[in-house]
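The file final-v5.tsv comes next; it holds TSV, C-alpha atoms.
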chain	number	residue	atom	x	y	z
A	1	MET	CA	187.98	131.25	206.72
A	2	LYS	CA	187.65	134.33	208.93
A	3	GLN	CA	190.28	132.96	211.32
A	4	LYS	CA	192.73	132.46	208.42
A	5	LYS	CA	192.19	136.06	207.28
A	6	LYS	CA	192.74	137.29	210.83
A	7	LYS	CA	195.98	135.30	211.05
A	8	LYS	CA	197.21	136.73	207.72
A	9	THR	CA	196.32	140.24	208.83
A	10	ALA	CA	198.05	139.73	212.16
A	11	CYS	CA	201.18	138.38	210.41
A	12	LEU	CA	201.25	141.36	208.07
A	13	LEU	CA	200.90	143.80	210.95
A	14	ILE	CA	203.69	142.06	212.85
A	15	PHE	CA	205.88	142.16	209.72
A	16	PHE	CA	205.27	145.90	209.25
A	17	ASP	CA	205.93	146.53	212.94
A	18	ILE	CA	209.25	144.69	212.68
A	19	CYS	CA	210.17	146.70	209.57
A	20	ILE	CA	209.39	149.95	211.36
A	21	VAL	CA	211.48	148.95	214.38
A	22	VAL	CA	214.40	147.88	212.16
A	23	CYS	CA	214.24	151.11	210.14
A	24	PHE	CA	214.04	153.18	213.33
A	25	PHE	CA	217.00	151.29	214.78
A	26	LEU	CA	219.08	151.79	211.62
A	27	ALA	CA	218.18	155.47	211.45
A	28	TYR	CA	218.63	156.38	215.09
A	29	GLY	CA	220.49	153.45	216.64
A	30	PRO	CA	224.06	153.36	217.93
A	31	PHE	CA	225.60	152.35	214.60
A	32	SER	CA	226.46	155.49	212.64
A	33	TYR	CA	227.69	153.87	209.40
A	34	LEU	CA	224.30	153.30	207.79
A	35	ARG	CA	222.96	156.65	208.98
A	36	GLU	CA	225.95	158.45	207.49
A	37	LEU	CA	225.75	156.43	204.29
A	38	TYR	CA	222.06	157.23	203.87
A	39	ILE	CA	222.46	160.96	204.51
A	40	THR	CA	225.55	161.45	202.34
A	41	THR	CA	224.06	159.44	199.47
A	42	ALA	CA	220.86	161.49	199.50
A	43	MET	CA	222.49	164.89	199.98
A	44	THR	CA	224.78	164.59	196.96
A	45	THR	CA	221.89	164.13	194.53
A	46	MET	CA	220.30	167.03	192.68
A	47	SER	CA	216.68	166.06	193.36
A	48	HIS	CA	216.55	163.56	196.25
A	49	LYS	CA	217.86	165.57	199.19
A	50	TYR	CA	214.36	165.37	200.66
A	51	LEU	CA	215.03	161.71	201.50
A	52	ALA	CA	217.49	162.87	204.16
A	53	HIS	CA	215.41	165.82	205.36
A	54	THR	CA	212.31	163.60	205.76
A	55	ILE	CA	213.99	161.50	208.44
A	56	TYR	CA	216.66	163.71	210.00
A	57	THR	CA	216.89	167.23	211.35
A	58	ASP	CA	219.03	169.85	209.64
A	59	GLU	CA	221.39	169.73	212.61
A	60	THR	CA	221.93	165.97	212.23
A	61	ILE	CA	222.52	166.30	208.50
A	62	GLU	CA	225.03	169.11	209.00
A	63	GLU	CA	226.84	167.11	211.68
A	64	VAL	CA	227.12	164.05	209.42
A	65	LEU	CA	228.35	166.12	206.47
A	66	SER	CA	230.94	167.83	208.66
A	67	GLN	CA	232.42	164.43	209.50
A	68	ASN	CA	232.33	163.00	205.97
A	69	TYR	CA	234.00	165.06	203.26
A	70	ILE	CA	236.77	165.19	200.68
A	71	LYS	CA	239.66	167.60	201.06
A	72	GLU	CA	241.03	168.25	197.59
A	73	SER	CA	244.60	169.11	196.77
A	74	ASN	CA	245.25	172.85	196.51
A	75	GLU	CA	247.56	172.25	193.57
A	76	SER	CA	246.72	172.51	189.88
A	77	THR	CA	247.86	169.81	187.52
A	78	ASP	CA	251.53	169.86	186.61
A	79	VAL	CA	251.10	168.90	182.97
A	80	SER	CA	254.86	168.42	182.58
A	81	ASP	CA	254.41	165.13	184.49
A	82	ILE	CA	252.49	163.72	181.53
A	83	VAL	CA	254.68	162.27	178.78
A	84	ILE	CA	252.34	161.18	176.00
A	85	GLY	CA	253.34	158.05	174.14
A	86	GLN	CA	255.84	156.87	176.70
A	87	ILE	CA	254.06	153.54	177.06
A	88	ASP	CA	255.87	150.47	178.35
A	89	ALA	CA	255.85	147.92	175.52
A	90	SER	CA	258.26	145.49	177.16
A	91	GLY	CA	255.55	142.96	177.93
A	92	GLU	CA	256.52	142.92	181.60
A	93	TYR	CA	253.83	144.18	183.95
A	94	ASP	CA	254.00	144.96	187.65
A	95	SER	CA	250.33	144.10	188.23
A	96	VAL	CA	247.29	142.55	186.60
A	97	TYR	CA	245.84	146.08	186.32
A	98	GLU	CA	248.84	147.27	184.34
A	99	GLU	CA	248.53	144.25	182.06
A	100	GLN	CA	244.86	145.00	181.46
A	101	ILE	CA	245.68	148.55	180.41
A	102	LEU	CA	248.74	147.89	178.25
A	103	THR	CA	247.59	144.72	176.51
A	104	LYS	CA	245.65	146.17	173.60
A	105	ASP	CA	242.52	144.73	172.05
A	106	PRO	CA	243.46	143.78	168.45
A	107	GLU	CA	239.89	144.42	167.32
A	108	HIS	CA	239.91	147.96	168.73
A	109	PRO	CA	243.49	149.30	168.68
A	110	ASP	CA	242.43	152.81	169.75
A	111	TYR	CA	240.81	151.71	173.00
A	112	LYS	CA	240.21	148.82	175.34
A	113	LEU	CA	237.05	148.05	177.29
A	114	ILE	CA	237.82	146.63	180.74
A	115	PRO	CA	235.00	145.22	182.93
A	116	LEU	CA	235.15	146.29	186.57
A	117	GLU	CA	233.74	144.48	189.58
A	118	GLY	CA	234.30	145.12	193.25
A	119	ASN	CA	232.65	145.62	196.61
A	120	GLY	CA	228.99	145.71	195.57
A	121	TYR	CA	229.62	147.43	192.25
A	122	GLN	CA	230.03	146.70	188.56
A	123	GLY	CA	230.98	148.89	185.66
A	124	TYR	CA	233.58	149.52	182.97
A	125	MET	CA	236.83	151.30	182.35
A	126	ILE	CA	237.89	152.36	178.87
A	127	ALA	CA	241.60	152.93	178.20
A	128	ILE	CA	242.17	155.38	175.32
A	129	TYR	CA	245.70	155.27	173.97
A	130	ASP	CA	245.79	158.50	171.96
A	131	PRO	CA	244.54	161.46	174.04
A	132	SER	CA	244.42	163.70	170.96
A	133	LYS	CA	241.33	161.78	169.91
A	134	VAL	CA	239.38	162.74	173.06
A	135	GLU	CA	236.99	165.66	172.58
A	136	LEU	CA	234.05	167.35	174.28
A	137	VAL	CA	230.82	167.45	172.29
A	138	SER	CA	227.55	169.17	173.23
A	139	THR	CA	223.88	168.89	172.44
A	140	ASN	CA	222.77	171.01	169.51
A	141	GLN	CA	220.30	172.80	171.81
A	142	LEU	CA	222.61	173.55	174.73
A	143	GLY	CA	220.77	175.32	177.52
A	144	THR	CA	217.40	173.99	176.39
A	145	VAL	CA	217.25	170.30	175.49
A	146	GLY	CA	219.82	167.57	176.06
A	147	GLN	CA	220.36	164.36	174.14
A	148	PHE	CA	220.95	160.74	175.03
A	149	LEU	CA	224.65	159.89	175.18
A	150	ARG	CA	224.43	157.42	172.31
A	151	GLU	CA	222.86	160.14	170.16
A	152	LEU	CA	225.74	162.50	170.91
A	153	VAL	CA	228.23	159.76	170.01
A	154	VAL	CA	226.57	158.94	166.69
A	155	GLU	CA	225.80	162.52	165.61
A	156	ASN	CA	229.40	163.58	166.23
A	157	GLN	CA	230.78	160.56	164.37
A	158	ALA	CA	232.55	159.38	167.50
A	159	VAL	CA	233.47	155.84	168.49
A	160	LEU	CA	232.29	155.99	172.10
A	161	GLY	CA	231.62	158.39	174.94
A	162	ILE	CA	230.79	159.07	178.58
A	163	ASN	CA	228.61	161.74	180.19
A	164	ALA	CA	230.33	164.97	181.20
A	165	SER	CA	228.71	168.07	182.83
A	166	GLY	CA	226.17	168.14	185.58
A	167	PHE	CA	222.92	169.79	184.58
A	168	VAL	CA	219.70	171.37	185.78
A	169	ASP	CA	216.40	170.00	184.52
A	170	GLN	CA	214.09	172.84	183.55
A	171	ASN	CA	211.00	170.67	183.97
A	172	GLU	CA	209.88	167.30	185.30
A	173	MET	CA	210.47	165.66	181.93
A	174	GLY	CA	214.21	165.75	182.58
A	175	ASN	CA	215.32	167.58	179.46
A	176	GLY	CA	218.95	167.79	180.65
A	177	GLY	CA	220.04	170.66	178.42
A	178	GLU	CA	221.27	173.26	180.93
A	179	PRO	CA	224.79	172.51	182.23
A	180	THR	CA	225.98	173.46	185.70
A	181	GLY	CA	229.12	175.55	185.84
A	182	ILE	CA	231.44	176.31	182.95
A	183	VAL	CA	231.70	174.56	179.59
A	184	ILE	CA	234.63	175.26	177.27
A	185	GLN	CA	234.70	173.71	173.82
A	186	ASP	CA	237.29	174.25	171.09
A	187	GLY	CA	238.85	177.02	173.17
A	188	GLN	CA	235.58	178.97	173.43
A	189	VAL	CA	233.25	179.46	176.41
A	190	LEU	CA	229.97	177.77	175.50
A	191	TRP	CA	228.36	178.11	178.91
A	192	ASP	CA	229.05	179.85	182.21
A	193	SER	CA	226.23	179.40	184.70
A	194	THR	CA	227.94	180.88	187.74
A	195	ASP	CA	224.52	181.97	189.02
A	196	ILE	CA	223.62	178.34	189.74
A	197	GLY	CA	226.08	178.35	192.61
A	198	TYR	CA	227.74	175.03	191.91
A	199	SER	CA	231.29	175.01	193.21
A	200	GLY	CA	233.52	172.55	191.43
A	201	GLY	CA	236.70	172.76	189.45
A	202	LEU	CA	237.55	172.97	185.78
A	203	ALA	CA	238.62	169.69	184.24
A	204	GLY	CA	239.58	169.21	180.64
A	205	PHE	CA	242.29	168.86	178.03
A	206	THR	CA	244.88	171.35	176.93
A	207	LYS	CA	245.96	171.93	173.34
A	208	ASP	CA	248.75	169.44	174.13
A	209	ASN	CA	246.14	166.78	175.01
A	210	LYS	CA	246.95	166.71	178.70
A	211	LEU	CA	244.25	166.54	181.38
A	212	LEU	CA	244.34	169.77	183.38
A	213	LEU	CA	242.53	170.13	186.71
A	214	MET	CA	242.35	173.66	188.08
A	215	LYS	CA	240.30	176.13	190.07
A	216	GLY	CA	239.52	179.42	188.41
A	217	THR	CA	237.47	181.24	185.83
A	218	ALA	CA	236.85	180.27	182.22
A	219	ALA	CA	239.20	183.02	181.06
A	220	GLU	CA	241.97	181.76	183.34
A	221	ALA	CA	241.47	178.21	182.06
A	222	ILE	CA	241.73	179.28	178.43
A	223	GLN	CA	244.80	181.33	179.28
A	224	ALA	CA	246.30	178.17	180.79
A	225	GLY	CA	245.78	176.38	177.47
A	226	MET	CA	242.47	174.63	178.15
A	227	GLU	CA	240.84	173.56	174.89
A	228	ASP	CA	237.86	171.52	176.15
A	229	ALA	CA	236.61	171.53	179.74
A	230	VAL	CA	233.63	171.13	182.06
A	231	GLU	CA	233.18	172.19	185.66
A	232	PHE	CA	232.62	169.46	188.22
A	233	GLY	CA	234.35	167.68	191.08
A	234	PRO	CA	235.76	166.77	193.41
A	235	PHE	CA	239.28	166.27	192.09
A	236	LEU	CA	240.14	162.75	193.23
A	237	ILE	CA	243.81	162.60	192.25
A	238	VAL	CA	246.10	165.52	191.39
A	239	ASN	CA	249.71	164.98	190.32
A	240	GLY	CA	249.55	161.42	191.60
A	241	GLU	CA	248.36	162.42	195.08
A	242	ALA	CA	244.92	161.27	196.18
A	243	ALA	CA	242.50	163.64	197.85
A	244	GLU	CA	242.12	163.29	201.61
A	245	ILE	CA	238.88	161.45	202.33
A	246	LYS	CA	237.22	161.81	205.74
A	247	GLY	CA	234.71	159.11	206.63
A	248	ASN	CA	232.96	158.03	203.44
A	249	GLY	CA	233.86	161.28	201.70
A	250	GLY	CA	230.39	162.75	202.06
A	251	TRP	CA	229.22	161.29	198.75
A	252	GLY	CA	227.73	158.00	199.92
A	253	ILE	CA	227.41	155.10	197.47
A	254	ALA	CA	226.13	155.88	193.98
A	255	PRO	CA	226.75	155.46	190.25
A	256	ARG	CA	229.88	157.37	189.25
A	257	THR	CA	231.62	158.72	186.16
A	258	VAL	CA	235.32	159.60	186.21
A	259	LEU	CA	237.71	161.19	183.72
A	260	ALA	CA	241.40	160.40	184.34
A	261	GLN	CA	244.81	160.32	182.71
A	262	ARG	CA	247.96	158.33	183.45
A	263	LYS	CA	251.52	159.68	183.29
A	264	ASP	CA	251.99	157.94	179.93
A	265	GLY	CA	249.08	159.95	178.51
A	266	ILE	CA	246.56	157.11	178.41
A	267	VAL	CA	243.09	158.50	179.14
A	268	LEU	CA	240.72	156.53	181.37
A	269	PHE	CA	236.94	156.72	181.13
A	270	VAL	CA	235.34	155.05	184.17
A	271	VAL	CA	231.64	154.44	184.74
A	272	ILE	CA	230.23	152.48	187.68
A	273	ASP	CA	226.57	151.45	187.60
A	274	GLY	CA	224.43	151.75	190.72
A	275	ARG	CA	221.09	151.89	192.53
A	276	GLN	CA	220.25	148.41	191.25
A	277	PRO	CA	220.11	145.79	194.05
A	278	GLY	CA	221.27	142.40	192.93
A	279	TYR	CA	223.45	143.91	190.21
A	280	SER	CA	225.32	147.02	191.35
A	281	LEU	CA	224.60	149.44	194.18
A	282	GLY	CA	227.31	151.92	193.23
A	283	ILE	CA	230.72	152.81	194.59
A	284	SER	CA	232.02	154.93	197.46
A	285	MET	CA	234.64	157.60	196.93
A	286	ASN	CA	237.10	155.57	199.01
A	287	ASP	CA	236.74	152.53	196.75
A	288	LEU	CA	236.75	154.72	193.65
A	289	VAL	CA	240.10	156.33	194.52
A	290	GLU	CA	241.57	152.94	195.37
A	291	LEU	CA	240.38	151.61	191.99
A	292	LEU	CA	241.93	154.54	190.12
A	293	GLN	CA	245.22	154.13	191.93
A	294	LYS	CA	245.40	150.46	190.92
A	295	TYR	CA	245.27	151.57	187.29
A	296	LYS	CA	247.86	154.33	187.91
A	297	ALA	CA	245.65	157.34	187.30
A	298	HIS	CA	247.88	160.41	187.76
A	299	ASN	CA	245.07	162.97	187.55
A	300	ALA	CA	241.39	162.16	188.00
A	301	VAL	CA	238.14	164.06	188.43
A	302	ASN	CA	234.70	162.94	189.49
A	303	LEU	CA	232.08	163.90	186.90
A	304	ASP	CA	228.29	163.92	187.10
A	305	GLY	CA	227.07	160.63	188.54
A	306	GLY	CA	223.76	159.10	189.53
A	307	ALA	CA	221.28	158.43	186.76
A	308	SER	CA	223.47	160.30	184.26
A	309	SER	CA	226.40	157.87	184.47
A	310	SER	CA	226.73	155.91	181.26
A	311	ILE	CA	228.99	154.65	178.49
A	312	ALA	CA	227.88	154.40	174.87
A	313	ILE	CA	229.81	152.62	172.15
A	314	GLY	CA	228.33	153.64	168.84
A	315	ASN	CA	224.57	153.59	169.15
A	316	GLU	CA	224.59	151.15	172.07
A	317	THR	CA	224.55	152.04	175.76
A	318	ILE	CA	226.66	149.30	177.31
A	319	THR	CA	226.20	150.30	180.95
A	320	LYS	CA	222.92	150.15	182.86
A	321	PRO	CA	221.82	153.71	183.72
A	322	CYS	CA	219.33	154.07	186.57
A	323	GLY	CA	217.14	156.89	185.24
A	324	TYR	CA	213.38	156.88	184.87
A	325	SER	CA	213.10	156.43	181.11
A	326	ALA	CA	212.24	153.07	179.57
A	327	THR	CA	215.96	152.41	179.01
A	328	GLY	CA	217.20	154.14	182.16
A	329	GLU	CA	219.03	156.74	180.05
A	330	ARG	CA	218.87	160.47	180.76
A	331	ARG	CA	219.26	163.37	178.40
A	332	ILE	CA	222.55	165.16	179.02
A	333	PRO	CA	224.09	168.44	177.83
A	334	ASN	CA	227.47	167.13	176.70
A	335	ALA	CA	229.87	164.18	176.59
A	336	TRP	CA	233.52	163.25	176.46
A	337	VAL	CA	234.01	161.17	173.32
A	338	LEU	CA	236.67	159.25	171.44
A	339	LYS	CA	236.75	160.41	167.84

Mind converting the file's structure to structure tokens?
Amino acid sequence: MKQKKKKKTACLLIFFDICIVVCFFLAYGPFSYLRELYITTAMTTMSHKYLAHTIYTDETIEEVLSQNYIKESNESTDVSDIVIGQIDASGEYDSVYEEQILTKDPEHPDYKLIPLEGNGYQGYMIAIYDPSKVELVSTNQLGTVGQFLRELVVENQAVLGINASGFVDQNEMGNGGEPTGIVIQDGQVLWDSTDIGYSGGLAGFTKDNKLLLMKGTAAEAIQAGMEDAVEFGPFLIVNGEAAEIKGNGGWGIAPRTVLAQRKDGIVLFVVIDGRQPGYSLGISMNDLVELLQKYKAHNAVNLDGGASSSIAIGNETITKPCGYSATGERRIPNAWVLK
């Protein structure tokens, strides 16, 4: 009996030793891909940057980030490119992606839910045919307490929605009520937390229901005709031109949320699940841009990702958020919804 226990103990020790060697090799070995992926994934989270700092020096982290980044376009959206309602109804499609978008769901004529699956990821895209029905809605206690996405959808009598702004949790309970950056709703500035230091861009819809991506202040955005907007980034596609991605883009692999619009005015909500081995790990920025280009996104912005990424249709969350609540959902400050 004692010999069996000794053998089991020895096997366990050998197993742990092998794991340590493998981890050390992956972290410090000659292959940079996994090291860069680990660092960039950790460093683009709000609360898990310590995972990178625990293993690597600040110099190593800075070196990796300097080699993996996204260079956005310096242009603002040319909204004249967008011609709302000019949708090809000929029934002839140049790709399966175009057919998925333009073949409407007879049960839901205002939108179509399209499952997505790719290199280690799963999620959904929602095509919304009338951009005038897309609005930004906020928690009724903005700055203090957020709400689950499905609650925001139901309380605002919307059909469906996706998460919007990033946010700062004021305590460990994850109350999600304080947005990062600027929030404009119905042409009014609801929030402007420039003291947080988040540098993104303003992304939202004009009074003409066209997605506008721009750098600037809240006042400049409203002057440009912005009706609803949040501040986040990076801008992935501007005027049909994709951002320049170096390495993995510096954002690793994670759950993502994207707001986009095609030249025909169709709005795209995209949510990719992640951090769930065996189901979906998440998506890289390279794969995300490639996905958006397949569906002819003309302008597209990356929104808050990670555990916040989710889609709700009515009172049901149809994606699989990776937060710490019983359902994986997180409280958020606001949402883009289809009314």

With only C-alpha atoms counted, which protein, DNA or RNA residues have an atom no more than 8 Å from (250.8, 167.6, 174.9) in the file frame? Please answer as JSON, numbers by chain.
-> {"A": [82, 83, 84, 206, 207, 208, 209, 210]}

Mind giving me the straight-line distance from atom CA of Ala297 of chain A to atom CA of Ala260 of chain A in Å, one decimal?
->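 Answer for the atom CA of Ala297 of chain A to atom CA of Ala260 of chain A separation: 6.0 Å.
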
Nearest to Leu51 of chain A among A:Asn175, A:Glu244, A:Tyr38, A:Ala229, with distances taken over only C-alpha atoms: which residue is it?
-> A:Tyr38

Dump as a VMD selection string all residues having an atom at most 8 Å from (219.8, 165.6, 175.8), computed in the file's coordinates with all atoms listed in the file.
-> chain A and resid 139 145 to 149 175 to 177 330 to 334

Given the choices A:Gly200, A:Pro255, A:Gly314, A:Gly250, which gets closest to Arg35 of chain A if the distance is worked out from all atoms listed in the file?
->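 Going through A:Gly200, A:Pro255, A:Gly314, A:Gly250 one by one, the smallest distance to Arg35 of chain A is for A:Gly250.
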
Using only C-alpha atoms, find each residue in segment 191-295 of chain A having at least one atom no more than 7 Å away from segment 113-136 of chain A; report its shortest atom-to-atom pair and that distance in Å (one decimal), rows by chain then rising number, as JSON lines.
{"residue": "A:Asn209", "atom": "CA", "partner": "A:Ser132", "partner_atom": "CA", "distance": 5.4}
{"residue": "A:Asp228", "atom": "CA", "partner": "A:Leu136", "partner_atom": "CA", "distance": 5.9}
{"residue": "A:Gly265", "atom": "CA", "partner": "A:Pro131", "partner_atom": "CA", "distance": 6.5}
{"residue": "A:Ile266", "atom": "CA", "partner": "A:Tyr129", "partner_atom": "CA", "distance": 4.9}
{"residue": "A:Val267", "atom": "CA", "partner": "A:Ile128", "partner_atom": "CA", "distance": 5.0}
{"residue": "A:Leu268", "atom": "CA", "partner": "A:Ala127", "partner_atom": "CA", "distance": 4.9}
{"residue": "A:Phe269", "atom": "CA", "partner": "A:Ile126", "partner_atom": "CA", "distance": 5.0}
{"residue": "A:Val270", "atom": "CA", "partner": "A:Met125", "partner_atom": "CA", "distance": 4.4}
{"residue": "A:Val271", "atom": "CA", "partner": "A:Tyr124", "partner_atom": "CA", "distance": 5.6}
{"residue": "A:Ile272", "atom": "CA", "partner": "A:Gly123", "partner_atom": "CA", "distance": 4.2}
{"residue": "A:Asp273", "atom": "CA", "partner": "A:Gly123", "partner_atom": "CA", "distance": 5.5}
{"residue": "A:Gly274", "atom": "CA", "partner": "A:Tyr121", "partner_atom": "CA", "distance": 6.9}
{"residue": "A:Ser280", "atom": "CA", "partner": "A:Tyr121", "partner_atom": "CA", "distance": 4.4}
{"residue": "A:Leu281", "atom": "CA", "partner": "A:Tyr121", "partner_atom": "CA", "distance": 5.7}
{"residue": "A:Gly282", "atom": "CA", "partner": "A:Tyr121", "partner_atom": "CA", "distance": 5.1}
{"residue": "A:Ile283", "atom": "CA", "partner": "A:Tyr121", "partner_atom": "CA", "distance": 6.0}

Find the residues around Ser76 of chain A up to 9 Å (only C-alpha atoms counted), leave out those fewer than 3 positions away in its own chain, and share them as a list in words.
->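 Here the qualifying residues turn out to be Ser73, Val79, Leu212, Leu213, Met214, Lys215, Val238 and Asn239 of chain A.
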
In Å to one decimal, how far is atom CA of Val137 of chain A from atom CA of Val337 of chain A?
->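 Going from atom CA of Val337 of chain A over to atom CA of Val137 of chain A covers 7.1 Å.
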
For the atom pair atom CA of Ser95 of chain A and atom CA of Val301 of chain A, what is the interatomic distance in Å to one decimal place?
->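 Rounded to one decimal, the two atoms are 23.4 Å apart.
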
Near-Ser90 of chain A list (12 Å; all atoms listed in the file; drop same-chain fewer than 4 positions) as a ChimeraX atom specification = /A:86,94,98-99,102-103
